[in-house]
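One structure is given below, encoded as C-alpha cells.
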Amino acid sequence: MSNKVIPVVRAEEEEEQELVDPQQALREQCSQKSDAQNMWSKYQECNDRVNSRSNTAETCEEELRDYLHVLDHCVNKDLFKRLK
C-alpha cells in the first residue's frame with residue numbers, strides 16, 4: 001500500500017468585522033437634516049389628523065412618499081461612494 005499525503009488547509013483566524021449597511025447609516029444621518037425633519041413633521045401631522053377621526057377616507061400616502069423621496073435623494077448622493 002502506498003501512503004497518501006492529504007494536505008490540510010486551515011484558514012487563518014481573523015477577527016470578523018461586523019458589517020454595517022451603509023444605506024441604514026446614511027438614512028439615519030439624512031433623517032436628521034432639516035428638510036427630512038420638515039417632511040416627517042408633515043407626515044406626523046397628517047397621521048395624527050387621520051387617527052383622530054373615526055371615519056375618514058384620507059390617507060397619508062402622499063406625505064409618506066414625499067418624506068421617503070427626500071430621504072432617498074439624500075442617501076443616494078453618497079451611497080455608492082461607500083460601497084465596497
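Residues in the C-alpha cells are numbered from 1 in each chain, the chains being A, B, ... in the order shown, and ligands are numbered from 1 in the order shown.
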* Asked: If we count only C-alpha atoms, what is near Cys46 in chain A at a cut-off of 9 Å, once residues fewer than 4 positions away on the same chain are taken out, given as a ChimeraX atom specification?
  -> /A:41-42,50-51,58-60,63
With N, CA, C and O atoms retained, write the just-selected residues as a PDB file, in the first residue's frame.
ATOM      1  N   SER A  41     -42.420  65.825   9.917  1.00  0.00           N
ATOM      2  CA  SER A  41     -43.422  66.552  10.705  1.00  0.00           C
ATOM      3  C   SER A  41     -44.758  66.617   9.968  1.00  0.00           C
ATOM      4  O   SER A  41     -45.820  66.434  10.578  1.00  0.00           O
ATOM      5  N   LYS A  42     -44.695  66.889   8.666  1.00  0.00           N
ATOM      6  CA  LYS A  42     -45.931  66.930   7.874  1.00  0.00           C
ATOM      7  C   LYS A  42     -46.612  65.565   7.866  1.00  0.00           C
ATOM      8  O   LYS A  42     -47.838  65.478   7.958  1.00  0.00           O
ATOM      9  N   VAL A  50     -55.540  61.905  10.785  1.00  0.00           N
ATOM     10  CA  VAL A  50     -56.292  60.721  10.345  1.00  0.00           C
ATOM     11  C   VAL A  50     -56.676  59.861  11.539  1.00  0.00           C
ATOM     12  O   VAL A  50     -57.805  59.356  11.619  1.00  0.00           O
ATOM     13  N   ASN A  51     -55.774  59.683  12.479  1.00  0.00           N
ATOM     14  CA  ASN A  51     -56.057  58.843  13.650  1.00  0.00           C
ATOM     15  C   ASN A  51     -57.077  59.473  14.588  1.00  0.00           C
ATOM     16  O   ASN A  51     -57.720  58.764  15.359  1.00  0.00           O
ATOM     17  N   GLU A  58     -59.229  59.798   4.125  1.00  0.00           N
ATOM     18  CA  GLU A  58     -57.899  60.392   3.962  1.00  0.00           C
ATOM     19  C   GLU A  58     -56.805  59.404   4.379  1.00  0.00           C
ATOM     20  O   GLU A  58     -56.929  58.694   5.372  1.00  0.00           O
ATOM     21  N   THR A  59     -55.788  59.353   3.573  1.00  0.00           N
ATOM     22  CA  THR A  59     -54.588  58.586   3.924  1.00  0.00           C
ATOM     23  C   THR A  59     -53.409  59.542   3.871  1.00  0.00           C
ATOM     24  O   THR A  59     -53.526  60.646   3.365  1.00  0.00           O
ATOM     25  N   CYS A  60     -52.305  59.118   4.382  1.00  0.00           N
ATOM     26  CA  CYS A  60     -51.120  59.973   4.396  1.00  0.00           C
ATOM     27  C   CYS A  60     -50.062  59.464   3.421  1.00  0.00           C
ATOM     28  O   CYS A  60     -48.872  59.676   3.622  1.00  0.00           O
ATOM     29  N   GLU A  63     -47.825  62.264   1.880  1.00  0.00           N
ATOM     30  CA  GLU A  63     -46.852  62.794   2.833  1.00  0.00           C
ATOM     31  C   GLU A  63     -45.722  61.797   3.078  1.00  0.00           C
ATOM     32  O   GLU A  63     -44.550  62.179   3.166  1.00  0.00           O
TER      33      GLU A  63
END
* DSSP-assigned helix (DSSP H, G or I) members of range 15-72 of chain A, reported as a ChimeraX atom specification -> /A:22-31,34-52,61-72
Would you pick out the contacts of Ser34 in chain A at 12 Å or less, using only C-alpha atoms, so that residues sharing its chain but fewer than 5 positions from it are not included, and give the list as a compact mmCIF listing (two decimals) with C-alpha atoms, in the first residue's frame?
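Wrote result.txt, looks like this:
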# COMPACT_ATOMS: atom_id res chain seq x y z
CA GLN A 29 -27.87 60.73 9.11
CA MET A 39 -41.35 66.24 5.76
CA TRP A 40 -41.52 63.89 8.75
CA SER A 41 -43.42 66.55 10.71
CA TYR A 67 -40.67 62.10 3.13
CA VAL A 70 -36.35 63.47 0.36
CA LEU A 71 -34.67 60.77 2.43
CA CYS A 74 -30.12 62.47 0.38
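By only C-alpha atoms, and with residues fewer than 4 positions from Leu79 in chain A along its chain excluded, the set lying at most 8 Å from it is Pro22, Gln23, Leu26, Val75 and Leu83 of chain A.
Closest approach to Ala25 in chain A among A:Ala57, A:Asn47, A:Asp66, A:Arg82 is made by A:Arg82 (distances from only C-alpha atoms).
You can rank A:Cys30, A:Leu64, A:Val8, A:Ala36 by their closest distance to Lys77 in chain A using only C-alpha atoms, and at the top of that list sits A:Cys30.
Interatomic distance, CA of Gln44 in chain A to CA of Ser31 in chain A: 14.0 Å.
Picture a line from CA of Asp72 in chain A to CA of Gln24 in chain A; it runs 11.0 Å.
Note that the spacing between CA of Leu19 in chain A and CA of His69 in chain A amounts to 26.0 Å.
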